[in-house]
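Trainee: Please find my_file.pdb (PDB, C-alpha atoms, pLDDT in the B column) on the next line:
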ATOM      1  CA  MET R  73      27.955  23.875  46.289  1.00 86.00           C
ATOM      2  CA  LEU R  74      29.776  22.194  43.415  1.00 86.00           C
ATOM      3  CA  VAL R  75      29.771  25.435  41.438  1.00 89.00           C
ATOM      4  CA  VAL R  76      31.349  27.282  44.371  1.00 89.00           C
ATOM      5  CA  VAL R  77      34.073  24.639  44.732  1.00 88.00           C
ATOM      6  CA  LEU R  78      34.815  24.721  40.993  1.00 83.00           C
ATOM      7  CA  ALA R  79      34.946  28.530  41.049  1.00 84.00           C
ATOM      8  CA  LEU R  80      37.406  28.463  43.959  1.00 86.00           C
ATOM      9  CA  VAL R  81      39.597  25.886  42.210  1.00 81.00           C
ATOM     10  CA  ALA R  82      39.581  28.026  39.052  1.00 80.00           C
ATOM     11  CA  MET R  83      40.599  31.096  41.087  1.00 81.00           C
ATOM     12  CA  VAL R  84      43.514  29.197  42.662  1.00 81.00           C
ATOM     13  CA  MET R  85      44.641  27.971  39.234  1.00 75.00           C
ATOM     14  CA  CYS R  86      44.454  31.493  37.808  1.00 75.00           C
ATOM     15  CA  THR R  87      46.451  32.917  40.693  1.00 77.00           C
ATOM     16  CA  SER R  88      49.120  30.253  40.336  1.00 72.00           C
ATOM     17  CA  SER R  89      49.363  30.678  36.572  1.00 68.00           C
ATOM     18  CA  VAL R  90      49.546  34.476  36.839  1.00 71.00           C
ATOM     19  CA  THR R  91      52.409  34.067  39.299  1.00 70.00           C
ATOM     20  CA  HIS R  92      54.283  31.844  36.851  1.00 63.00           C
ATOM     21  CA  HIS R  93      53.554  34.276  34.033  1.00 62.00           C
ATOM     22  CA  GLY R  94      54.913  37.129  36.160  1.00 65.00           C
ATOM     23  CA  GLN R  95      58.088  35.192  36.900  1.00 63.00           C
ATOM     24  CA  ALA R  96      58.536  34.546  33.190  1.00 60.00           C
ATOM     25  CA  LEU R  97      58.441  38.221  32.210  1.00 65.00           C
ATOM     26  CA  ARG R  98      62.152  38.066  31.504  1.00 71.00           C
ATOM     27  CA  MET R  99      61.461  35.244  29.050  1.00 76.00           C
ATOM     28  CA  LYS R 100      59.305  35.082  25.951  1.00 81.00           C
ATOM     29  CA  VAL R 101      56.009  33.380  26.911  1.00 81.00           C
ATOM     30  CA  THR R 102      54.461  31.614  23.917  1.00 87.00           C
ATOM     31  CA  GLU R 103      51.470  29.843  25.556  1.00 89.00           C
ATOM     32  CA  TYR R 104      49.419  30.553  28.679  1.00 85.00           C
ATOM     33  CA  PHE R 105      46.568  28.077  29.276  1.00 89.00           C
ATOM     34  CA  LEU R 106      44.307  27.097  32.145  1.00 83.00           C
ATOM     35  CA  GLY R 107      43.716  23.344  32.188  1.00 85.00           C
ATOM     36  CA  PHE R 108      45.074  20.399  30.219  1.00 87.00           C
ATOM     37  CA  GLY R 109      43.956  18.326  27.239  1.00 90.00           C
ATOM     38  CA  PRO R 110      42.255  19.573  24.085  1.00 93.00           C
ATOM     39  CA  LYS R 111      42.004  23.307  23.538  1.00 93.00           C
ATOM     40  CA  LEU R 112      38.482  24.725  24.083  1.00 94.00           C
ATOM     41  CA  TRP R 113      39.182  28.403  23.447  1.00 95.00           C
ATOM     42  CA  SER R 114      42.192  30.583  22.767  1.00 96.00           C
ATOM     43  CA  ILE R 115      43.185  34.048  21.646  1.00 96.00           C
ATOM     44  CA  ARG R 116      46.546  35.361  20.516  1.00 96.00           C
ATOM     45  CA  ARG R 117      47.809  38.670  21.922  1.00 93.00           C
ATOM     46  CA  GLY R 118      51.151  39.620  20.467  1.00 90.00           C
ATOM     47  CA  GLU R 119      53.448  36.593  20.648  1.00 87.00           C
ATOM     48  CA  THR R 120      51.465  34.864  23.422  1.00 88.00           C
ATOM     49  CA  GLU R 121      48.474  32.548  22.975  1.00 93.00           C
ATOM     50  CA  TYR R 122      46.052  32.588  25.955  1.00 92.00           C
ATOM     51  CA  GLY R 123      43.332  29.987  26.373  1.00 92.00           C
ATOM     52  CA  VAL R 124      41.328  27.357  28.214  1.00 91.00           C
ATOM     53  CA  LYS R 125      41.692  23.601  27.851  1.00 91.00           C
ATOM     54  CA  ALA R 126      39.177  20.822  28.582  1.00 90.00           C
ATOM     55  CA  ILE R 127      40.461  19.365  31.884  1.00 86.00           C
ATOM     56  CA  PRO R 128      40.437  21.995  34.673  1.00 78.00           C
ATOM     57  CA  ALA R 129      43.233  20.455  36.703  1.00 78.00           C
ATOM     58  CA  GLY R 130      46.002  23.024  36.570  1.00 77.00           C
ATOM     59  CA  GLY R 131      47.612  25.398  34.181  1.00 78.00           C
ATOM     60  CA  TYR R 132      50.283  25.533  31.518  1.00 80.00           C
ATOM     61  CA  VAL R 133      52.793  28.258  30.669  1.00 80.00           C
ATOM     62  CA  ALA R 134      55.253  27.658  27.825  1.00 83.00           C
ATOM     63  CA  SER R 135      58.238  29.952  27.567  1.00 77.00           C
ATOM     64  CA  SER R 136      61.317  30.111  25.421  1.00 75.00           C
ATOM     65  CA  VAL R 137      64.644  31.532  26.497  1.00 66.00           C
TER      66      VAL R 137
END
As structure tokens, how would this structure be written, given the file I've shared?
Mentor:
Amino acid sequence: MLVVVLALVAMVMCTSSVTHHGQALRMKVTEYFLGFGPKLWSIRRGETEYGVKAIPAGGYVASSV
């Protein structure tokens, strides 16, 4: 049951973050992370760094104008 709840929370976070990323297409996105805290994993694609952080309680999109 806990795994299902965590999977659903992760899906909601991904959907929300993708929406923010889509809205920022007119801007240069430099970081796109799921979670907060220390970085667990990341990969750089072009000018954007994608990754996962330790605390799965939201997402983070950094953009520059």
Trainee: What is the distance, in Å and to one decimal place, between atom CA of Leu106 of chain R and atom CA of Gly123 of chain R?
Mentor: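 Result for atom CA of Leu106 of chain R versus atom CA of Gly123 of chain R: 6.5 Å, one decimal.
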Trainee: I would like the residues chosen by the PyMOL selection byres ((chain R and resi 107-113) around 9) on the shown file; could you give them as a PyMOL selection string?
Mentor: chain R and resi 85+105-106+114-115+122-132
Trainee: How many Å separate atom CA of Val133 of chain R from atom CA of Val76 of chain R?
Mentor: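 Atom CA of Val133 of chain R sits 25.5 Å away from atom CA of Val76 of chain R.
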Trainee: Do you know which residues the PyMOL selection byres ((chain R and resi 102) around 10) returns on this file, as a PDB file with C-alpha atoms, keeping the file's coordinate frame?
Mentor:
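Output (result-v6.pdb):
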ATOM      1  CA  MET R  99      61.461  35.244  29.050  1.00 76.00           C
ATOM      2  CA  LYS R 100      59.305  35.082  25.951  1.00 81.00           C
ATOM      3  CA  VAL R 101      56.009  33.380  26.911  1.00 81.00           C
ATOM      4  CA  GLU R 103      51.470  29.843  25.556  1.00 89.00           C
ATOM      5  CA  TYR R 104      49.419  30.553  28.679  1.00 85.00           C
ATOM      6  CA  ARG R 116      46.546  35.361  20.516  1.00 96.00           C
ATOM      7  CA  ARG R 117      47.809  38.670  21.922  1.00 93.00           C
ATOM      8  CA  GLY R 118      51.151  39.620  20.467  1.00 90.00           C
ATOM      9  CA  GLU R 119      53.448  36.593  20.648  1.00 87.00           C
ATOM     10  CA  THR R 120      51.465  34.864  23.422  1.00 88.00           C
ATOM     11  CA  GLU R 121      48.474  32.548  22.975  1.00 93.00           C
ATOM     12  CA  TYR R 122      46.052  32.588  25.955  1.00 92.00           C
ATOM     13  CA  VAL R 133      52.793  28.258  30.669  1.00 80.00           C
ATOM     14  CA  ALA R 134      55.253  27.658  27.825  1.00 83.00           C
ATOM     15  CA  SER R 135      58.238  29.952  27.567  1.00 77.00           C
ATOM     16  CA  SER R 136      61.317  30.111  25.421  1.00 75.00           C
TER      17      SER R 136
END
Trainee: Listed atoms of segment 104-122 of chain R, axis-aligned box, 6 Å per side: centre and edge lengths to one decimal in Å, as lines of an AutoDock Vina configuration file?
Mentor:
center_x = 46.0
center_y = 29.0
center_z = 26.3
size_x = 27.0
size_y = 33.3
size_z = 23.7
Trainee: For segment 108-119 of chain R, supply all heavy atoms and format the output as a compact mmCIF listing (two decimals), in the coordinates of the input.
Mentor:
# COMPACT_ATOMS: atom_id res chain seq x y z
N PHE R 108 44.28 21.31 31.03
CA PHE R 108 45.07 20.40 30.22
C PHE R 108 44.16 19.74 29.20
O PHE R 108 42.94 19.81 29.31
CB PHE R 108 45.72 19.31 31.09
CG PHE R 108 46.70 19.86 32.08
CD1 PHE R 108 46.34 20.03 33.40
CD2 PHE R 108 47.98 20.19 31.70
CE1 PHE R 108 47.23 20.53 34.32
CE2 PHE R 108 48.88 20.71 32.61
CZ PHE R 108 48.51 20.87 33.92
N GLY R 109 44.74 19.04 28.24
CA GLY R 109 43.96 18.33 27.24
C GLY R 109 43.68 19.17 26.01
O GLY R 109 44.41 20.10 25.70
N PRO R 110 42.58 18.85 25.32
CA PRO R 110 42.26 19.57 24.08
C PRO R 110 41.89 21.03 24.35
O PRO R 110 41.28 21.36 25.37
CB PRO R 110 41.06 18.83 23.51
CG PRO R 110 40.77 17.70 24.41
CD PRO R 110 41.67 17.76 25.58
N LYS R 111 42.26 21.87 23.44
CA LYS R 111 42.00 23.31 23.54
C LYS R 111 40.52 23.58 23.31
O LYS R 111 39.94 23.15 22.31
CB LYS R 111 42.83 24.02 22.49
CG LYS R 111 42.87 25.50 22.60
CD LYS R 111 43.63 26.15 21.45
CE LYS R 111 44.93 25.49 21.13
NZ LYS R 111 45.66 26.13 20.03
N LEU R 112 39.88 24.33 24.25
CA LEU R 112 38.48 24.72 24.08
C LEU R 112 38.36 26.12 23.49
O LEU R 112 37.47 26.39 22.69
CB LEU R 112 37.76 24.71 25.44
CG LEU R 112 37.66 23.36 26.15
CD1 LEU R 112 37.00 23.54 27.49
CD2 LEU R 112 36.91 22.37 25.29
N TRP R 113 39.24 27.00 23.89
CA TRP R 113 39.18 28.40 23.45
C TRP R 113 40.56 29.01 23.58
O TRP R 113 41.30 28.70 24.51
CB TRP R 113 38.18 29.17 24.32
CG TRP R 113 38.16 30.63 24.08
CD1 TRP R 113 37.44 31.28 23.12
CD2 TRP R 113 38.89 31.64 24.77
NE1 TRP R 113 37.68 32.63 23.19
CE2 TRP R 113 38.56 32.88 24.21
CE3 TRP R 113 39.79 31.63 25.82
CZ2 TRP R 113 39.10 34.07 24.65
CZ3 TRP R 113 40.33 32.81 26.26
CH2 TRP R 113 39.97 34.02 25.68
N SER R 114 40.91 29.87 22.65
CA SER R 114 42.19 30.58 22.77
C SER R 114 42.14 31.87 21.96
O SER R 114 41.33 32.03 21.05
CB SER R 114 43.36 29.71 22.29
OG SER R 114 43.32 29.55 20.90
N ILE R 115 43.03 32.78 22.34
CA ILE R 115 43.18 34.05 21.65
C ILE R 115 44.66 34.41 21.67
O ILE R 115 45.35 34.13 22.65
CB ILE R 115 42.32 35.15 22.30
CG1 ILE R 115 42.34 36.42 21.46
CG2 ILE R 115 42.74 35.42 23.72
CD1 ILE R 115 41.31 37.45 21.87
N ARG R 116 45.14 34.97 20.59
CA ARG R 116 46.55 35.36 20.52
C ARG R 116 46.66 36.87 20.71
O ARG R 116 45.99 37.65 20.06
CB ARG R 116 47.14 34.97 19.17
CG ARG R 116 48.62 35.30 19.08
CD ARG R 116 49.28 34.68 17.87
NE ARG R 116 49.32 33.23 17.93
CZ ARG R 116 50.24 32.53 18.60
NH1 ARG R 116 51.18 33.15 19.26
NH2 ARG R 116 50.22 31.22 18.60
N ARG R 117 47.50 37.26 21.66
CA ARG R 117 47.81 38.67 21.92
C ARG R 117 49.31 38.84 21.78
O ARG R 117 50.07 38.33 22.60
CB ARG R 117 47.39 39.09 23.33
CG ARG R 117 45.94 38.94 23.62
CD ARG R 117 45.18 40.09 23.04
NE ARG R 117 43.76 39.90 23.36
CZ ARG R 117 42.87 40.82 23.21
NH1 ARG R 117 43.21 41.99 22.75
NH2 ARG R 117 41.62 40.58 23.48
N GLY R 118 49.72 39.49 20.72
CA GLY R 118 51.15 39.62 20.47
C GLY R 118 51.74 38.26 20.15
O GLY R 118 51.25 37.54 19.28
N GLU R 119 52.79 37.89 20.87
CA GLU R 119 53.45 36.59 20.65
C GLU R 119 52.92 35.50 21.56
O GLU R 119 53.37 34.37 21.49
CB GLU R 119 54.95 36.74 20.85
CG GLU R 119 55.61 37.68 19.87
CD GLU R 119 57.10 37.83 20.12
OE1 GLU R 119 57.57 37.33 21.16
OE2 GLU R 119 57.77 38.44 19.30
